[in-house]
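Novice: Before anything else, here's the structure in question.
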Amino acid sequence: METKRLNVDINVDNGKSYAQAVDLLNNGEVVAFPTETVYGLGAVATDEEAVKKIFAAKGRPSDNPLIVHIGTFEELENYVDHISQKAKLCMEAFWPGPLTMIFKAKPNVLATSVTANLDTVGIRMPDHAVALQLLRQLRKPVAAPSANRSGKPSPTEGIHVEEDLNGSIPLILDGGITGIGVESTVLDLTLDMPVILRPGGVTKEMLEAVVGPVSQPSHTEQNSGKAPKAPGMKYTHYAPNAPVYLIDKEEKTIAMALETLHQKGLKVALLAPENLSHLAADWFFTLGQKDTNEEMAVNLYHALRSCDATTADLVLATTTSTEGVGAAIMNRLEKSAGGKWYSADIQI
Ligand code: TXA
Ligand code: MG
């Protein structure tokens, strides 16, 4: 299959591009499109055969449910049983935006593989002109996971989608670089106390200001099975080919690590803020000009993907505080590294 990539950012003939995307979706095909977080790979969420094509193109395990994207507030009640007061407050405050809310699903409305046979469904309204235009023109719900091959970092540029899915999907709407760079926050609102299943663009602090206490189980709590979790969070994710090791954002620590690794004859790709670009790594991929969590989020997946174009034996990635979007960054980095931290005696 030939994969077309159409630029919807500056192309004067945008109308035709949307029409093609809508046609494909209406005909049971999949289409990749930008959102404010990462690119999604969409199919009409009520069309079982179309949704199955998403799983096939990504190589995604079938027990991992998909997020349903809607373009208007009114649509929500078509798919969910009950909209709680807290959910209403969150919708008002954060939609359109990077917040996915988990509701009890109305039975027999959405394709069964969207919910992976759970009785709940995750729904969000993306805050991106291209995504909203597509959804509002289509007037149907769109199931869309991130548009990467399963296990790879999520795509933050149209070209990333092409790298992963060229030849297996018909169309990519290319709207340039996504604004936030990490996926939406997944918030379970089916319990009395809302639970963050996946940290993302809307932070715990922002949620608590609107609905009061929200729990955000740590990595360890989620792994121990004590806390509810998003099925997708158990899979290896965001990983380049070379092993990733986490390291403190400390110039001296990194310089010493590079020296030790070079003495062992190992080639190293370093992911760090720009002010550490002078260090003697074999490859350097920036996590931002300014050393802020927002910039780090924007640059993280591009930097992780860039490692695959090198012959690095390992990747050192600098960590950050868990403040604000930092919680999402550290969650993704820990997965990418499989929890491994650099130490002088690591065996590659
Ligand atoms: O920002 C985003 O959320 C992007 C864009 C494209 O919207 N989408 C995205 O989808 O990241 P995906 O499939 O890569 O991640 C969805 C996450 C998975 O961890 C999945 O297990 C969880 O949401 N999830 C979906 N439905 C769920 C449900 N009913 N209960 C618990 N977790 C759910
Ligand atoms: Mg994903």
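Labels for the structure tokens follow display order: chains A, B, ..., residues from 1 in each chain, ligands from 1.
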Within 9 Å of ligand 2, which residues show up when you count only C-alpha atoms and all ligand atoms? List them as a list in words, please.
Specialist: Val38, Gly40, Pro145, Ser146, Ala147, Asn148, Arg149, Ser150, Gly151, Lys152, Pro153, Ser154, Glu183, Gly232, His237 and Tyr238 of chain A
Novice: Mind checking which residues fall within 12 Å of Pro199 of chain A, counting only C-alpha atoms, ignoring those fewer than 5 positions away in the same chain, and posting them as number ranges by chain?
Specialist: A: 98-100, 182-188, 204-207, 214-219, 229-230, 233, 322-332
Novice: Pick the closest to Met125 of chain A from A:Leu173, A:Leu270, A:Ala111, A:Val142: which is it, counting only C-alpha atoms?
Specialist: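 Ranking A:Leu173, A:Leu270, A:Ala111, A:Val142 by distance to Met125 of chain A, first place goes to A:Val142.
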Novice: I'd like the interatomic distance between atom CA of Tyr301 of chain A and atom CA of Ala93 of chain A, to a tenth of an Å.
Specialist: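 If I compute the distance from atom CA of Tyr301 of chain A to atom CA of Ala93 of chain A, I get 27.3 Å.
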Novice: Give me the residues near segment 54-68 of chain A as a PyMOL selection string, where near means some atom within 7 Å (using only C-alpha atoms) and where sequence neighbours in that chain fewer than 2 positions away do not count.
Specialist: chain A and resi 30+41+45+51-52+70+113-116+122-124+141-145+148-150+165+168+231-232
Novice: Emit the selected residues as a short mmCIF file (atom, residue, chain, number, x, y, z; two decimals), in the first residue's frame, including N, CA and C atoms.
Specialist:
data_model
loop_
_atom_site.label_atom_id
_atom_site.label_comp_id
_atom_site.auth_asym_id
_atom_site.auth_seq_id
_atom_site.Cartn_x
_atom_site.Cartn_y
_atom_site.Cartn_z
N VAL A 30 -7.83 3.47 7.85
CA VAL A 30 -7.21 4.22 8.95
C VAL A 30 -6.49 5.44 8.40
N LEU A 41 -3.37 7.43 15.23
CA LEU A 41 -3.76 6.63 14.07
C LEU A 41 -5.23 6.28 14.24
N ALA A 45 -14.76 4.69 15.33
CA ALA A 45 -14.77 3.88 16.55
C ALA A 45 -15.94 2.90 16.64
N VAL A 51 -11.29 -0.67 13.05
CA VAL A 51 -10.50 -0.57 14.29
C VAL A 51 -9.44 -1.68 14.33
N LYS A 52 -9.80 -2.84 13.80
CA LYS A 52 -8.83 -3.96 13.78
C LYS A 52 -7.61 -3.60 12.94
N ILE A 70 -13.51 12.77 20.27
CA ILE A 70 -14.75 13.40 19.80
C ILE A 70 -14.51 14.88 19.49
N SER A 113 -13.34 -4.05 20.02
CA SER A 113 -11.88 -3.97 20.18
C SER A 113 -11.42 -2.59 20.64
N VAL A 114 -12.26 -1.56 20.54
CA VAL A 114 -11.90 -0.24 21.07
C VAL A 114 -11.69 -0.34 22.58
N THR A 115 -12.62 -1.02 23.25
CA THR A 115 -12.57 -1.09 24.71
C THR A 115 -11.84 -2.35 25.19
N ALA A 116 -11.38 -3.17 24.26
CA ALA A 116 -10.70 -4.42 24.60
C ALA A 116 -11.52 -5.22 25.61
N GLY A 122 -12.20 5.20 27.35
CA GLY A 122 -11.45 6.46 27.50
C GLY A 122 -11.81 7.40 26.37
N ILE A 123 -12.19 8.64 26.73
CA ILE A 123 -12.63 9.60 25.71
C ILE A 123 -11.92 10.94 25.90
N ARG A 124 -11.55 11.57 24.79
CA ARG A 124 -11.03 12.93 24.90
C ARG A 124 -11.37 13.77 23.68
N PRO A 141 -17.20 9.31 15.97
CA PRO A 141 -16.11 9.18 16.95
C PRO A 141 -14.92 8.46 16.32
N VAL A 142 -13.73 8.89 16.66
CA VAL A 142 -12.52 8.28 16.08
C VAL A 142 -11.67 7.65 17.18
N ALA A 143 -11.48 6.33 17.06
CA ALA A 143 -10.58 5.63 17.98
C ALA A 143 -9.17 5.84 17.49
N ALA A 144 -8.28 6.32 18.37
CA ALA A 144 -6.91 6.59 17.89
C ALA A 144 -5.88 6.43 18.99
N PRO A 145 -5.02 5.42 18.85
CA PRO A 145 -3.84 5.35 19.71
C PRO A 145 -2.75 6.22 19.07
N ASN A 148 2.51 5.24 16.33
CA ASN A 148 3.83 4.61 16.23
C ASN A 148 3.66 3.09 16.13
N ARG A 149 4.72 2.38 15.69
CA ARG A 149 4.74 0.93 15.85
C ARG A 149 4.74 0.67 17.35
N SER A 150 4.02 -0.33 17.79
CA SER A 150 3.95 -0.65 19.22
C SER A 150 5.35 -0.76 19.81
N LEU A 165 5.19 3.60 9.88
CA LEU A 165 4.01 2.96 9.29
C LEU A 165 3.95 3.06 7.77
N SER A 168 1.92 0.67 5.35
CA SER A 168 0.83 -0.07 5.98
C SER A 168 -0.40 0.78 6.29
N PRO A 231 -4.30 -0.58 30.89
CA PRO A 231 -3.68 -1.82 30.38
C PRO A 231 -2.39 -1.55 29.60
N GLY A 232 -2.34 -0.43 28.88
CA GLY A 232 -1.19 -0.16 28.02
C GLY A 232 0.09 0.11 28.78
#
Novice: Give the strand (DSSP E or B) residues of segment 171-301 of chain A, as DSSP finds them on the backbone, and put them as a list of chain:residue names.
Specialist: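 Written out, the strand (DSSP E or B) residues of segment 171-301 of chain A are A:Leu171, A:Ile172, A:Leu173, A:Asp174, A:Thr185, A:Val186, A:Leu187, A:Asp188, A:Val195, A:Ile196, A:Leu197, A:Arg198, A:Ser215, A:Val244, A:Tyr245, A:Leu246, A:Ile247, A:Val268, A:Ala269, A:Leu270, A:Leu271, A:Ala272, A:Trp283, A:Phe284, A:Phe285, A:Thr286.
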Novice: With N, CA, C and O atoms retained, write the just-selected residues as a compact mmCIF listing (two decimals), in the first residue's frame.
Specialist:
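Result file follows (out.txt):
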# COMPACT_ATOMS: atom_id res chain seq x y z
N LEU A 171 -2.89 7.09 4.56
CA LEU A 171 -2.77 8.56 4.60
C LEU A 171 -2.28 9.08 5.95
O LEU A 171 -2.72 8.62 7.01
N ILE A 172 -1.37 10.06 5.85
CA ILE A 172 -0.94 10.81 7.04
C ILE A 172 -1.29 12.27 6.78
O ILE A 172 -0.84 12.85 5.78
N LEU A 173 -2.09 12.88 7.65
CA LEU A 173 -2.27 14.33 7.58
C LEU A 173 -1.12 14.93 8.38
O LEU A 173 -0.99 14.68 9.58
N ASP A 174 -0.27 15.70 7.71
CA ASP A 174 0.92 16.22 8.37
C ASP A 174 0.68 17.68 8.79
O ASP A 174 0.59 18.56 7.96
N THR A 185 -3.11 12.95 29.63
CA THR A 185 -3.32 12.37 30.96
C THR A 185 -4.53 11.44 30.89
O THR A 185 -5.55 11.82 30.32
N VAL A 186 -4.40 10.23 31.43
CA VAL A 186 -5.57 9.33 31.49
C VAL A 186 -6.09 9.33 32.92
O VAL A 186 -5.36 8.96 33.85
N LEU A 187 -7.34 9.78 33.08
CA LEU A 187 -7.93 9.94 34.42
C LEU A 187 -9.14 9.04 34.56
O LEU A 187 -10.10 9.15 33.80
N ASP A 188 -9.09 8.14 35.54
CA ASP A 188 -10.22 7.24 35.79
C ASP A 188 -11.21 7.94 36.70
O ASP A 188 -10.91 8.24 37.85
N VAL A 195 -8.46 8.79 39.71
CA VAL A 195 -7.11 8.23 39.71
C VAL A 195 -6.42 8.52 38.38
O VAL A 195 -7.00 8.27 37.32
N ILE A 196 -5.20 9.05 38.45
CA ILE A 196 -4.42 9.26 37.23
C ILE A 196 -3.78 7.92 36.84
O ILE A 196 -2.91 7.41 37.55
N LEU A 197 -4.22 7.36 35.72
CA LEU A 197 -3.67 6.07 35.26
C LEU A 197 -2.41 6.30 34.44
O LEU A 197 -1.55 5.43 34.35
N ARG A 198 -2.34 7.46 33.79
CA ARG A 198 -1.14 7.81 33.03
C ARG A 198 -0.95 9.32 33.13
O ARG A 198 -1.83 10.08 32.73
N SER A 215 -5.75 10.87 43.02
CA SER A 215 -4.58 10.07 43.38
C SER A 215 -3.75 9.78 42.14
O SER A 215 -4.26 9.63 41.03
N VAL A 244 18.61 2.15 27.17
CA VAL A 244 18.62 3.51 27.74
C VAL A 244 18.94 3.41 29.22
O VAL A 244 18.43 2.53 29.92
N TYR A 245 19.81 4.31 29.69
CA TYR A 245 20.11 4.43 31.13
C TYR A 245 19.82 5.85 31.57
O TYR A 245 20.17 6.81 30.89
N LEU A 246 19.18 5.98 32.72
CA LEU A 246 18.89 7.30 33.26
C LEU A 246 20.10 7.81 34.03
O LEU A 246 20.85 7.03 34.61
N ILE A 247 20.25 9.14 34.04
CA ILE A 247 21.37 9.74 34.77
C ILE A 247 20.95 11.12 35.25
O ILE A 247 20.15 11.80 34.59
N VAL A 268 28.37 6.31 22.92
CA VAL A 268 27.26 6.79 23.75
C VAL A 268 26.47 7.92 23.06
O VAL A 268 27.06 8.88 22.57
N ALA A 269 25.14 7.79 23.04
CA ALA A 269 24.27 8.91 22.65
C ALA A 269 23.77 9.55 23.94
O ALA A 269 23.29 8.86 24.84
N LEU A 270 23.88 10.88 24.01
CA LEU A 270 23.45 11.60 25.21
C LEU A 270 22.21 12.44 24.90
O LEU A 270 22.20 13.20 23.94
N LEU A 271 21.18 12.27 25.73
CA LEU A 271 19.98 13.10 25.64
C LEU A 271 19.98 14.03 26.85
O LEU A 271 19.89 13.56 27.99
N ALA A 272 20.10 15.33 26.59
CA ALA A 272 20.21 16.28 27.70
C ALA A 272 19.83 17.68 27.23
O ALA A 272 19.75 17.92 26.02
N TRP A 283 27.15 11.10 20.25
CA TRP A 283 26.01 11.78 19.64
C TRP A 283 25.31 12.56 20.75
O TRP A 283 25.21 12.07 21.89
N PHE A 284 24.80 13.74 20.38
CA PHE A 284 24.06 14.53 21.36
C PHE A 284 22.70 14.88 20.78
O PHE A 284 22.60 15.38 19.66
N PHE A 285 21.63 14.60 21.52
CA PHE A 285 20.29 14.98 21.08
C PHE A 285 19.66 15.85 22.16
O PHE A 285 19.55 15.46 23.32
N THR A 286 19.24 17.04 21.71
CA THR A 286 18.84 18.05 22.69
C THR A 286 17.46 17.77 23.30
O THR A 286 16.55 17.30 22.63
